[in-house]
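J.: One file: query.pdb (PDB, C-alpha atoms).
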```
ATOM      1  CA  MET R   9       0.000   0.000   0.000
ATOM      2  CA  SER R  10       1.371   3.391  -0.987
ATOM      3  CA  ARG R  11       1.765   6.198   1.514
ATOM      4  CA  ALA R  12      -1.043   8.174  -0.123
ATOM      5  CA  SER R  13      -3.435   5.219   0.105
ATOM      6  CA  GLU R  14      -2.445   4.619   3.706
ATOM      7  CA  THR R  15      -3.090   8.278   4.566
ATOM      8  CA  LEU R  16      -6.504   8.242   2.868
ATOM      9  CA  SER R  17      -7.488   5.026   4.640
ATOM     10  CA  LYS R  18      -6.960   6.709   8.015
ATOM     11  CA  ILE R  19      -9.417   9.542   7.279
ATOM     12  CA  PRO R  20     -12.713   9.038   9.141
ATOM     13  CA  LEU R  21     -15.846   8.478   7.096
ATOM     14  CA  ALA R  22     -17.670  11.825   7.353
ATOM     15  CA  THR R  23     -14.509  13.849   6.730
ATOM     16  CA  PHE R  24     -13.598  11.619   3.798
ATOM     17  CA  ALA R  25     -17.108  11.932   2.345
ATOM     18  CA  ILE R  26     -17.152  15.738   2.272
ATOM     19  CA  MET R  27     -13.662  15.758   0.768
ATOM     20  CA  VAL R  28     -14.845  13.425  -2.006
ATOM     21  CA  VAL R  29     -17.894  15.618  -2.686
ATOM     22  CA  CYS R  30     -15.775  18.765  -2.984
ATOM     23  CA  CYS R  31     -13.265  17.009  -5.251
ATOM     24  CA  LEU R  32     -16.054  15.672  -7.499
ATOM     25  CA  VAL R  33     -17.516  19.161  -7.774
ATOM     26  CA  TYR R  34     -14.103  20.520  -8.739
ATOM     27  CA  ILE R  35     -13.751  17.817 -11.408
ATOM     28  CA  TYR R  36     -17.086  19.028 -12.790
ATOM     29  CA  GLN R  37     -15.696  22.581 -12.783
ATOM     30  CA  PHE R  38     -12.549  21.423 -14.559
ATOM     31  CA  LEU R  39     -14.435  19.541 -17.279
ATOM     32  CA  PHE R  40     -17.276  21.951 -17.996
ATOM     33  CA  ASP R  41     -15.887  25.301 -16.786
ATOM     34  CA  PRO R  42     -19.197  26.727 -15.479
ATOM     35  CA  ASN R  43     -19.635  30.370 -14.559
ATOM     36  CA  LEU R  44     -18.723  30.360 -10.859
ATOM     37  CA  GLN R  45     -20.834  33.440 -10.173
ATOM     38  CA  HIS R  46     -23.873  31.183 -10.568
ATOM     39  CA  PHE R  47     -22.763  29.166  -7.509
ATOM     40  CA  THR R  48     -21.117  31.717  -5.210
ATOM     41  CA  MET R  49     -22.579  33.288  -2.094
ATOM     42  CA  CYS R  50     -23.959  36.708  -3.007
ATOM     43  CA  PRO R  51     -26.336  38.059  -0.318
ATOM     44  CA  ARG R  52     -28.122  40.401  -2.725
ATOM     45  CA  LEU R  53     -29.049  37.536  -5.048
ATOM     46  CA  VAL R  54     -30.163  35.364  -2.140
ATOM     47  CA  ILE R  55     -32.345  37.997  -0.475
ATOM     48  CA  TYR R  56     -33.901  39.725  -3.475
ATOM     49  CA  LEU R  57     -33.878  36.966  -6.122
ATOM     50  CA  ASN R  58     -34.491  34.026  -3.725
ATOM     51  CA  GLU R  59     -31.490  32.038  -4.976
ATOM     52  CA  TYR R  60     -31.291  29.974  -1.797
ATOM     53  CA  TYR R  61     -29.378  27.138  -3.466
ATOM     54  CA  ARG R  62     -26.288  29.330  -3.032
ATOM     55  CA  PHE R  63     -26.335  28.456   0.678
ATOM     56  CA  VAL R  64     -25.071  24.992  -0.342
ATOM     57  CA  THR R  65     -23.144  25.526  -3.551
ATOM     58  CA  THR R  66     -20.922  28.255  -2.097
ATOM     59  CA  SER R  67     -19.226  25.724   0.217
ATOM     60  CA  LEU R  68     -18.761  23.010  -2.411
ATOM     61  CA  PHE R  69     -17.277  25.058  -5.260
ATOM     62  CA  HIS R  70     -13.714  26.432  -5.279
ATOM     63  CA  GLY R  71     -11.911  29.057  -7.295
ATOM     64  CA  SER R  72      -8.707  27.220  -8.249
ATOM     65  CA  MET R  73      -6.637  24.082  -7.778
ATOM     66  CA  MET R  74      -4.640  25.791  -5.033
ATOM     67  CA  HIS R  75      -7.841  26.872  -3.325
ATOM     68  CA  ILE R  76      -9.341  23.392  -3.099
ATOM     69  CA  ALA R  77      -5.980  21.793  -2.254
ATOM     70  CA  MET R  78      -5.456  24.061   0.758
ATOM     71  CA  ASN R  79      -9.038  23.608   1.944
ATOM     72  CA  MET R  80      -8.994  19.832   1.608
ATOM     73  CA  MET R  81      -5.686  19.517   3.461
ATOM     74  CA  SER R  82      -7.103  21.640   6.273
ATOM     75  CA  THR R  83     -10.304  19.586   6.251
ATOM     76  CA  MET R  84      -8.335  16.365   6.462
ATOM     77  CA  ALA R  85      -6.255  17.576   9.420
ATOM     78  CA  ILE R  86      -8.931  19.360  11.460
ATOM     79  CA  GLY R  87     -11.859  17.161  10.456
ATOM     80  CA  SER R  88     -10.067  13.887  11.163
ATOM     81  CA  SER R  89      -8.999  15.040  14.613
ATOM     82  CA  LEU R  90     -12.496  16.261  15.496
ATOM     83  CA  GLU R  91     -14.381  13.266  14.092
ATOM     84  CA  LYS R  92     -12.283  10.796  16.075
ATOM     85  CA  GLN R  93     -13.428  12.569  19.232
ATOM     86  CA  VAL R  94     -17.109  13.169  18.469
ATOM     87  CA  GLY R  95     -18.073  10.290  16.168
ATOM     88  CA  THR R  96     -19.027  10.070  12.489
ATOM     89  CA  PHE R  97     -22.731  10.883  12.833
ATOM     90  CA  THR R  98     -22.034  13.930  14.986
ATOM     91  CA  MET R  99     -19.444  15.062  12.461
ATOM     92  CA  GLY R 100     -21.844  14.537   9.570
ATOM     93  CA  PHE R 101     -24.607  16.616  11.139
ATOM     94  CA  THR R 102     -22.066  19.281  12.121
ATOM     95  CA  ILE R 103     -20.818  19.613   8.554
ATOM     96  CA  LEU R 104     -24.295  19.643   6.989
ATOM     97  CA  TRP R 105     -25.639  22.248   9.384
ATOM     98  CA  GLY R 106     -22.363  24.147   9.189
ATOM     99  CA  ILE R 107     -22.757  24.599   5.430
ATOM    100  CA  LEU R 108     -26.213  26.114   5.911
ATOM    101  CA  LEU R 109     -25.524  28.136   9.047
ATOM    102  CA  THR R 110     -22.293  29.771   7.860
ATOM    103  CA  SER R 111     -24.075  30.945   4.715
ATOM    104  CA  THR R 112     -27.043  32.165   6.763
ATOM    105  CA  ILE R 113     -24.887  34.202   9.139
ATOM    106  CA  TYR R 114     -22.848  35.549   6.210
ATOM    107  CA  THR R 115     -26.029  36.752   4.535
ATOM    108  CA  GLY R 116     -27.473  38.114   7.777
ATOM    109  CA  ILE R 117     -24.395  40.174   8.637
ATOM    110  CA  SER R 118     -24.212  41.571   5.097
ATOM    111  CA  TRP R 119     -27.870  42.556   5.239
ATOM    112  CA  LEU R 120     -27.490  44.215   8.661
ATOM    113  CA  LEU R 121     -24.472  46.203   7.466
ATOM    114  CA  TYR R 122     -26.544  47.423   4.530
ATOM    115  CA  LEU R 123     -29.587  48.336   6.634
ATOM    116  CA  MET R 124     -27.742  50.006   9.499
ATOM    117  CA  PHE R 125     -24.788  51.676   7.758
ATOM    118  CA  ASN R 126     -25.814  51.633   4.086
ATOM    119  CA  TYR R 127     -22.664  49.561   3.457
ATOM    120  CA  GLU R 128     -23.407  47.783   0.162
ATOM    121  CA  ARG R 129     -20.099  46.104  -0.622
ATOM    122  CA  MET R 130     -20.832  42.847   1.212
ATOM    123  CA  MET R 131     -24.267  42.599  -0.423
ATOM    124  CA  TYR R 132     -22.683  42.502  -3.884
ATOM    125  CA  GLN R 133     -19.568  40.502  -3.026
ATOM    126  CA  HIS R 134     -19.232  36.932  -4.354
ATOM    127  CA  SER R 135     -17.460  34.300  -2.241
ATOM    128  CA  LEU R 136     -17.059  30.537  -2.342
ATOM    129  CA  GLY R 137     -15.119  27.706  -0.751
ATOM    130  CA  PHE R 138     -15.307  25.292   2.185
ATOM    131  CA  SER R 139     -13.128  27.429   4.452
ATOM    132  CA  GLY R 140     -16.065  28.870   6.396
ATOM    133  CA  VAL R 141     -17.004  25.378   7.584
ATOM    134  CA  ILE R 142     -13.319  24.642   8.269
ATOM    135  CA  PHE R 143     -13.198  27.586  10.672
ATOM    136  CA  GLN R 144     -16.336  26.259  12.362
ATOM    137  CA  LEU R 145     -14.672  22.848  12.805
ATOM    138  CA  SER R 146     -11.473  24.464  14.074
ATOM    139  CA  VAL R 147     -13.403  26.184  16.883
ATOM    140  CA  LEU R 148     -15.003  22.884  17.909
ATOM    141  CA  GLU R 149     -11.727  20.960  17.678
ATOM    142  CA  ALA R 150      -9.936  23.573  19.785
ATOM    143  CA  ASN R 151     -12.471  22.994  22.575
ATOM    144  CA  PHE R 152     -11.027  19.520  23.201
ATOM    145  CA  ASN R 153      -7.516  20.903  23.773
ATOM    146  CA  PRO R 154      -8.122  24.329  25.375
ATOM    147  CA  ASN R 155      -4.738  24.542  27.099
ATOM    148  CA  ARG R 156      -2.659  23.360  24.187
ATOM    149  CA  MET R 157      -0.376  25.907  22.497
ATOM    150  CA  ARG R 158      -0.315  26.113  18.706
ATOM    151  CA  SER R 159       2.002  27.860  16.303
ATOM    152  CA  VAL R 160       0.545  30.341  13.834
ATOM    153  CA  PHE R 161       2.676  29.813  10.706
ATOM    154  CA  GLY R 162       5.745  29.776  12.939
ATOM    155  CA  PHE R 163       5.333  33.480  13.801
ATOM    156  CA  PHE R 164       4.053  33.069  17.361
ATOM    157  CA  GLN R 165       2.130  30.673  19.578
ATOM    158  CA  VAL R 166      -1.395  31.010  20.914
ATOM    159  CA  SER R 167      -3.735  28.809  22.911
ATOM    160  CA  SER R 168      -6.018  26.433  21.030
ATOM    161  CA  LYS R 169      -9.075  28.528  21.835
ATOM    162  CA  MET R 170      -7.466  31.620  20.322
ATOM    163  CA  TYR R 171      -6.020  29.766  17.340
ATOM    164  CA  PRO R 172      -9.037  30.230  14.986
ATOM    165  CA  TRP R 173      -9.142  33.976  15.730
ATOM    166  CA  ALA R 174      -5.391  34.367  15.232
ATOM    167  CA  LEU R 175      -5.638  32.417  11.987
ATOM    168  CA  LEU R 176      -8.491  34.650  10.845
ATOM    169  CA  VAL R 177      -6.406  37.812  11.249
ATOM    170  CA  ILE R 178      -3.102  36.446   9.937
ATOM    171  CA  LEU R 179      -4.679  34.923   6.821
ATOM    172  CA  GLN R 180      -6.363  38.221   6.045
ATOM    173  CA  PHE R 181      -3.000  40.010   6.133
ATOM    174  CA  ILE R 182      -1.257  37.347   4.064
ATOM    175  CA  MET R 183      -4.084  36.938   1.530
ATOM    176  CA  PRO R 184      -6.296  40.053   1.656
ATOM    177  CA  GLN R 185      -8.420  38.815  -1.245
ATOM    178  CA  ILE R 186      -9.968  35.991   0.802
ATOM    179  CA  SER R 187     -13.409  36.324   2.363
ATOM    180  CA  PHE R 188     -12.962  37.694   5.872
ATOM    181  CA  LEU R 189     -16.705  37.602   6.523
ATOM    182  CA  GLY R 190     -16.953  33.989   5.338
ATOM    183  CA  HIS R 191     -14.268  32.889   7.805
ATOM    184  CA  LEU R 192     -15.750  35.014  10.582
ATOM    185  CA  SER R 193     -19.158  33.416   9.963
ATOM    186  CA  GLY R 194     -17.614  29.982  10.441
ATOM    187  CA  ILE R 195     -16.042  31.020  13.752
ATOM    188  CA  LEU R 196     -19.373  32.429  14.937
ATOM    189  CA  VAL R 197     -21.221  29.232  14.008
ATOM    190  CA  GLY R 198     -18.677  27.099  15.852
ATOM    191  CA  THR R 199     -18.826  29.346  18.922
ATOM    192  CA  LEU R 200     -22.628  29.361  19.012
ATOM    193  CA  GLN R 201     -22.754  25.593  18.558
ATOM    194  CA  LEU R 202     -20.244  25.118  21.333
ATOM    195  CA  HIS R 203     -22.412  27.173  23.718
ATOM    196  CA  GLY R 204     -25.553  25.191  22.931
ATOM    197  CA  VAL R 205     -27.405  27.826  20.903
ATOM    198  CA  PHE R 206     -28.153  25.298  18.130
ATOM    199  CA  ASN R 207     -29.162  22.417  20.404
ATOM    200  CA  ALA R 208     -32.708  22.521  19.030
ATOM    201  CA  ILE R 209     -31.592  21.609  15.506
ATOM    202  CA  PHE R 210     -28.810  19.145  16.374
ATOM    203  CA  PRO R 211     -29.796  15.577  17.354
ATOM    204  CA  SER R 212     -29.216  14.506  20.947
ATOM    205  CA  GLU R 213     -26.504  12.035  21.912
ATOM    206  CA  SER R 214     -29.084   9.367  22.784
ATOM    207  CA  TYR R 215     -30.626   9.653  19.323
ATOM    208  CA  LEU R 216     -27.218   9.402  17.652
ATOM    209  CA  LYS R 217     -26.511   6.203  19.599
ATOM    210  CA  GLU R 218     -29.829   4.802  18.388
ATOM    211  CA  LEU R 219     -28.858   5.611  14.808
ATOM    212  CA  GLU R 220     -25.663   3.614  15.198
ATOM    213  CA  ASN R 221     -27.742   0.516  16.006
ATOM    214  CA  TRP R 222     -30.175   0.794  13.090
ATOM    215  CA  GLU R 223     -29.862  -2.146  10.729
ATOM    216  CA  VAL R 224     -30.553   0.007   7.698
ATOM    217  CA  LEU R 225     -27.447   2.065   8.504
ATOM    218  CA  GLN R 226     -25.129  -0.909   8.943
ATOM    219  CA  VAL R 227     -23.794  -0.215   5.462
ATOM    220  CA  LEU R 228     -22.197   2.874   7.057
ATOM    221  CA  THR R 229     -21.546   1.731  10.604
ATOM    222  CA  THR R 230     -19.578  -1.324   9.427
ATOM    223  CA  LYS R 231     -17.208   0.740   7.282
ATOM    224  CA  PRO R 232     -13.584   0.845   8.505
ATOM    225  CA  GLY R 233     -13.616   4.630   8.696
ATOM    226  CA  PHE R 234     -16.777   4.848  10.807
ATOM    227  CA  VAL R 235     -16.244   6.268  14.305
ATOM    228  CA  ARG R 236     -18.837   5.531  16.976
ATOM    229  CA  LEU R 237     -19.988   8.107  19.480
ATOM    230  CA  PRO R 238     -17.797   7.970  22.606
ATOM    231  CA  GLU R 239     -19.450   6.472  25.671
ATOM    232  CA  ALA R 240     -18.943   9.711  27.553
ATOM    233  CA  GLY R 241     -20.585  11.694  24.766
ATOM    234  CA  HIS R 242     -19.106  14.072  22.213
ATOM    235  CA  GLY R 243     -18.930  17.140  24.468
ATOM    236  CA  LEU R 244     -20.339  19.518  21.861
ATOM    237  CA  ARG R 245     -23.842  19.772  23.293
ATOM    238  CA  ASN R 246     -23.817  22.311  26.118
ATOM    239  CA  GLU R 247     -27.059  21.869  28.022
ATOM    240  CA  ASN R 248     -26.259  24.655  30.511
ATOM    241  CA  ASN R 249     -26.888  27.444  28.049
ATOM    242  CA  ALA R 250     -29.269  29.554  30.103
ATOM    243  CA  GLY R 251     -28.598  33.178  29.314
ATOM    244  CA  VAL R 252     -25.938  32.376  26.735
ATOM    245  CA  LEU R 253     -27.996  33.548  23.787
ATOM    246  CA  SER R 254     -29.091  36.738  25.535
ATOM    247  CA  SER R 255     -25.492  37.457  26.521
ATOM    248  CA  ILE R 256     -24.310  36.937  22.961
ATOM    249  CA  LEU R 257     -27.068  39.173  21.576
ATOM    250  CA  THR R 258     -26.285  41.874  24.147
ATOM    251  CA  ALA R 259     -22.589  41.765  23.298
ATOM    252  CA  PHE R 260     -23.452  41.851  19.604
ATOM    253  CA  GLY R 261     -25.601  44.939  20.231
ATOM    254  CA  PHE R 262     -22.701  46.722  21.929
ATOM    255  CA  VAL R 263     -20.428  45.828  19.011
ATOM    256  CA  ILE R 264     -22.959  47.150  16.487
ATOM    257  CA  GLN R 265     -23.335  50.401  18.435
ATOM    258  CA  PHE R 266     -19.569  50.806  18.688
ATOM    259  CA  VAL R 267     -19.118  50.217  14.947
ATOM    260  CA  ASN R 268     -21.926  52.676  14.239
ATOM    261  CA  ASN R 269     -20.224  55.367  16.323
ATOM    262  CA  ILE R 270     -16.912  54.736  14.575
ATOM    263  CA  CYS R 271     -18.567  54.970  11.144
ATOM    264  CA  GLU R 272     -20.271  58.250  12.064
ATOM    265  CA  THR R 273     -16.971  59.663  13.302
ATOM    266  CA  ILE R 274     -15.175  58.653  10.103
ATOM    267  CA  ASN R 275     -18.011  60.057   8.011
ATOM    268  CA  PHE R 276     -17.783  63.409   9.859
ATOM    269  CA  CYS R 277     -13.994  63.560   9.494
ATOM    270  CA  ILE R 278     -14.108  62.875   5.754
ATOM    271  CA  PHE R 279     -17.310  64.575   4.582
ATOM    272  CA  GLY R 280     -17.988  67.124   7.310
ATOM    273  CA  ARG R 281     -21.413  67.779   8.745
ATOM    274  CA  GLY R 282     -23.104  68.528   5.429
ATOM    275  CA  SER R 283     -24.720  71.687   4.121
ATOM    276  CA  GLU R 284     -27.850  71.537   6.294
ATOM    277  CA  ALA R 285     -25.866  71.171   9.507
ATOM    278  CA  ASN R 286     -23.553  74.025   8.498
ATOM    279  CA  GLU R 287     -26.074  76.623   7.372
ATOM    280  CA  ASN R 288     -25.341  78.597  10.518
ATOM    281  CA  ILE R 289     -21.671  78.880   9.534
ATOM    282  CA  GLN R 290     -21.374  81.662   6.950
ATOM    283  CA  MET R 291     -18.476  83.628   5.532
ATOM    284  CA  GLY R 292     -20.257  86.897   4.939
ATOM    285  CA  ARG R 293     -21.370  86.992   1.318
ATOM    286  CA  ILE R 294     -18.235  85.424  -0.003
ATOM    287  CA  GLY R 295     -19.670  81.995  -0.668
ATOM    288  CA  ALA R 296     -22.107  79.267   0.178
ATOM    289  CA  PRO R 297     -22.335  77.560   3.563
ATOM    290  CA  TRP R 298     -19.614  75.029   4.330
ATOM    291  CA  GLY R 299     -20.381  71.687   2.781
ATOM    292  CA  SER R 300     -22.690  73.128   0.124
ATOM    293  CA  SER R 301     -22.173  72.487  -3.568
ATOM    294  CA  ASP R 302     -23.510  75.945  -4.443
ATOM    295  CA  SER R 303     -20.544  77.788  -5.926
ATOM    296  CA  THR R 304     -22.482  80.512  -7.713
ATOM    297  CA  SER R 305     -22.931  82.750  -4.671
ATOM    298  CA  GLY R 306     -19.186  83.283  -4.501
ATOM    299  CA  ALA R 307     -19.169  84.461  -8.089
ATOM    300  CA  ARG R 308     -21.518  87.320  -7.228
ATOM    301  CA  PHE R 309     -19.017  88.784  -4.771
ATOM    302  CA  THR R 310     -17.644  92.201  -5.853
ATOM    303  CA  GLN R 311     -15.506  94.995  -4.444
ATOM    304  CA  GLN R 312     -18.682  96.976  -3.695
ATOM    305  CA  ASN R 313     -19.917  94.085  -1.554
ATOM    306  CA  LEU R 314     -16.678  94.184   0.390
ATOM    307  CA  GLU R 315     -17.028  97.934   1.055
ATOM    308  CA  ASP R 316     -20.669  97.470   2.122
ATOM    309  CA  GLU R 317     -19.690  94.742   4.543
ATOM    310  CA  TRP R 318     -17.175  96.972   6.329
ATOM    311  CA  ALA R 319     -19.152 100.238   6.106
ATOM    312  CA  GLY R 320     -20.805  99.989   9.513
ATOM    313  CA  LEU R 321     -17.759  98.832  11.473
ATOM    314  CA  PRO R 322     -16.044 101.261  13.922
ATOM    315  CA  THR R 323     -12.563 102.551  13.228
ATOM    316  CA  VAL R 324      -9.628 101.342  15.253
ATOM    317  CA  GLU R 325      -9.563 104.555  17.338
ATOM    318  CA  GLU R 326     -13.273 104.334  18.069
ATOM    319  CA  ALA R 327     -12.851 100.731  19.144
ATOM    320  CA  LYS R 328     -10.096 101.715  21.616
ATOM    321  CA  GLN R 329     -12.226 104.458  23.119
ATOM    322  CA  GLN R 330     -15.105 102.002  23.526
ATOM    323  CA  GLU R 331     -12.823  99.616  25.397
ATOM    324  CA  ARG R 332     -11.662 102.389  27.770
ATOM    325  CA  SER R 333     -15.255 103.391  28.553
ATOM    326  CA  ASN R 334     -16.088  99.784  29.339
ATOM    327  CA  LEU R 335     -13.193  99.575  31.754
ATOM    328  CA  LEU R 336     -14.352 102.746  33.535
TER
END
```
Starting from the coordinates I provided, produce the structure as structure tokens.
T.:
Amino acid sequence: MSRASETLSKIPLATFAIMVVCCLVYIYQFLFDPNLQHFTMCPRLVIYLNEYYRFVTTSLFHGSMMHIAMNMMSTMAIGSSLEKQVGTFTMGFTILWGILLTSTIYTGISWLLYLMFNYERMMYQHSLGFSGVIFQLSVLEANFNPNRMRSVFGFFQVSSKMYPWALLVILQFIMPQISFLGHLSGILVGTLQLHGVFNAIFPSESYLKELENWEVLQVLTTKPGFVRLPEAGHGLRNENNAGVLSSILTAFGFVIQFVNNICETINFCIFGRGSEANENIQMGRIGAPWGSSDSTSGARFTQQNLEDEWAGLPTVEEAKQQERSNLL
């Protein structure tokens, strides 16, 4: 057996399955060269044209050979480690829901930015790739080794819990063209799942154990790469989540307010207060109010206007005498 075959044989079933699906999709791309913009995540097209299929296709399609190679290597490393600790069925449901939830959060954040700050860029941006789900899996995998230190590209070391966030920032500096919001959405999904926010849509551990005993599923459970749910449970279902969602929403509200204040400050520094807010600030009859686009009033300024403006002002000597009388 070659080394490649031996490596592939050690990949757990759910991780191996999603890798095969992504590779098959890329083979389709290679053979037929479809227009990728028909399969990317574009919030505007999802919200206003109801192209909800993009929630799925955006994670399965990739932009280049390098893109899919990097994502599949990361999936193999992170996914294999996580699946061996949580079981194949748990991993399968995590990946399937992760594909949908990362796209949902991506779309939701883009829509909120547009509604609250009139920031349209994310609504029109196209993104694709499995990396959002990879970041979700990295958050979950880090939970099993919270005190372990990891190296970030050899630059510095961080704890496992901080590793996904450090990776998010470093990758954005190294490759600024990648989707920051897509990766951030994956981290948010993993964090929310870890705190039990999605418990209602994820099957319980008792149900997963029942699935492993179904005869109809023996075609999967008897495969060499199948990993059963640990007796102690997978540790991803936090039942003590009282107040977690409200705390997250409150923190999110503070973040939104802070970003709003920053945007207003930047807007004031760059564009000023606008013509309406500056109507009380005049420069005689020389020109229009600050911030106004009316440039014709300045053209009507003449030497006679200047003399009229100063006609009623006291002379310097008169002003001095007025000051002395005030002092007395």
J.: For the file shown, what are the residues hit by the PyMOL selection byres ((chain R and resi 77-87) around 9), laid out as a VMD selection string?
T.: chain R and resid 19 to 20 22 to 24 26 to 27 30 to 31 72 to 76 88 to 92 99 137 to 139 141 to 142 145 to 146 149
J.: Store the residues picked out above, limited to C-alpha atoms, as a PDB file, in the coordinates of the input.
T.:
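Okay, again_12.pdb is ready:
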```pdb
ATOM      1  CA  ILE R  19      -9.417   9.542   7.279  1.00  0.00           C
ATOM      2  CA  PRO R  20     -12.713   9.038   9.141  1.00  0.00           C
ATOM      3  CA  ALA R  22     -17.670  11.825   7.353  1.00  0.00           C
ATOM      4  CA  THR R  23     -14.509  13.849   6.730  1.00  0.00           C
ATOM      5  CA  PHE R  24     -13.598  11.619   3.798  1.00  0.00           C
ATOM      6  CA  ILE R  26     -17.152  15.738   2.272  1.00  0.00           C
ATOM      7  CA  MET R  27     -13.662  15.758   0.768  1.00  0.00           C
ATOM      8  CA  CYS R  30     -15.775  18.765  -2.984  1.00  0.00           C
ATOM      9  CA  CYS R  31     -13.265  17.009  -5.251  1.00  0.00           C
ATOM     10  CA  SER R  72      -8.707  27.220  -8.249  1.00  0.00           C
ATOM     11  CA  MET R  73      -6.637  24.082  -7.778  1.00  0.00           C
ATOM     12  CA  MET R  74      -4.640  25.791  -5.033  1.00  0.00           C
ATOM     13  CA  HIS R  75      -7.841  26.872  -3.325  1.00  0.00           C
ATOM     14  CA  ILE R  76      -9.341  23.392  -3.099  1.00  0.00           C
ATOM     15  CA  SER R  88     -10.067  13.887  11.163  1.00  0.00           C
ATOM     16  CA  SER R  89      -8.999  15.040  14.613  1.00  0.00           C
ATOM     17  CA  LEU R  90     -12.496  16.261  15.496  1.00  0.00           C
ATOM     18  CA  GLU R  91     -14.381  13.266  14.092  1.00  0.00           C
ATOM     19  CA  LYS R  92     -12.283  10.796  16.075  1.00  0.00           C
ATOM     20  CA  MET R  99     -19.444  15.062  12.461  1.00  0.00           C
ATOM     21  CA  GLY R 137     -15.119  27.706  -0.751  1.00  0.00           C
ATOM     22  CA  PHE R 138     -15.307  25.292   2.185  1.00  0.00           C
ATOM     23  CA  SER R 139     -13.128  27.429   4.452  1.00  0.00           C
ATOM     24  CA  VAL R 141     -17.004  25.378   7.584  1.00  0.00           C
ATOM     25  CA  ILE R 142     -13.319  24.642   8.269  1.00  0.00           C
ATOM     26  CA  LEU R 145     -14.672  22.848  12.805  1.00  0.00           C
ATOM     27  CA  SER R 146     -11.473  24.464  14.074  1.00  0.00           C
ATOM     28  CA  GLU R 149     -11.727  20.960  17.678  1.00  0.00           C
TER      29      GLU R 149
END
```
J.: Which residue, R:Leu39, R:Pro51, R:Glu220, R:Ile103, has the smallest gap to Phe234 (chain R) when you use all atoms listed in the file?
T.: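 With all atoms listed in the file as the atom set, the closest residue is R:Glu220.
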J.: Enter the distance from CA of Tyr132 (chain R) to CA of Thr115 (chain R), in Å, rounded to one decimal.
T.: 10.7 Å
J.: Pick out the closest residue to Phe210 (chain R) from this set: R:Thr102, R:Thr230, R:Ser135, R:Gln165. Count all atoms listed in the file.
T.: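 With all atoms listed in the file as the atom set, the closest residue is R:Thr102.
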J.: What is the distance, in Å and to one decimal place, between CA of Phe152 (chain R) and CA of Ser111 (chain R)?
T.: 25.3 Å
J.: Please expand the PyMOL selection byres ((chain R and resi 157-160) around 12) into the concrete residues it hits in this file, giving the result as a ChimeraX atom specification.
T.: /R:150,153-156,161-179
J.: Report, in Å to a single decimal, how far apart CA of Phe69 (chain R) and CA of Phe181 (chain R) are.
T.: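 Atom-to-atom, CA of Phe181 (chain R) to CA of Phe69 (chain R), that is 23.6 Å.
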J.: Selected by the PyMOL selection byres ((chain R and resi 44) around 9) in the shown coordinates: which residues, as a PyMOL selection string?
T.: chain R and resi 37+41-43+45-48+69-71+136
J.: Go ahead and fit an axis-aligned box to every listed atom of region 102-120 of chain R plus 5 Å each side, and pass me the centre and edge lengths in Å, one decimal, as lines of an AutoDock Vina configuration file.
T.:
```
center_x = -24.3
center_y = 31.7
center_z = 8.3
size_x = 17.1
size_y = 34.9
size_z = 17.6
```
J.: With distances taken over all atoms listed in the file, which residue among R:Ser118, R:Asn151, R:Ser193, R:Gln93 lies nearest Glu239 (chain R)?
T.: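 Under the stated criterion, the closest residue is R:Gln93.
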J.: Find, counting only C-alpha atoms, the residue in R:Thr229, R:Thr110, R:Thr98, R:Gln144 that gets nearest to Phe63 (chain R).
T.: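 With only C-alpha atoms as the atom set, the closest residue is R:Thr110.
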J.: Counting only C-alpha atoms, figure out which residue out of R:Ile195, R:Leu225, R:Ala12, R:Leu189 gets nearest to Tyr114 (chain R).
T.: R:Leu189
J.: Have a look at R:Phe125, R:Phe188, R:Phe97, R:Trp119 and name the one nearest to Leu216 (chain R); count all atoms listed in the file.
T.: R:Phe97
J.: Got a sec to check which residues sit within 6 Å of (-14.3, 6.4, 16.3), counting only C-alpha atoms, and write them as a PyMOL selection string?
T.: chain R and resi 92+95+235-236
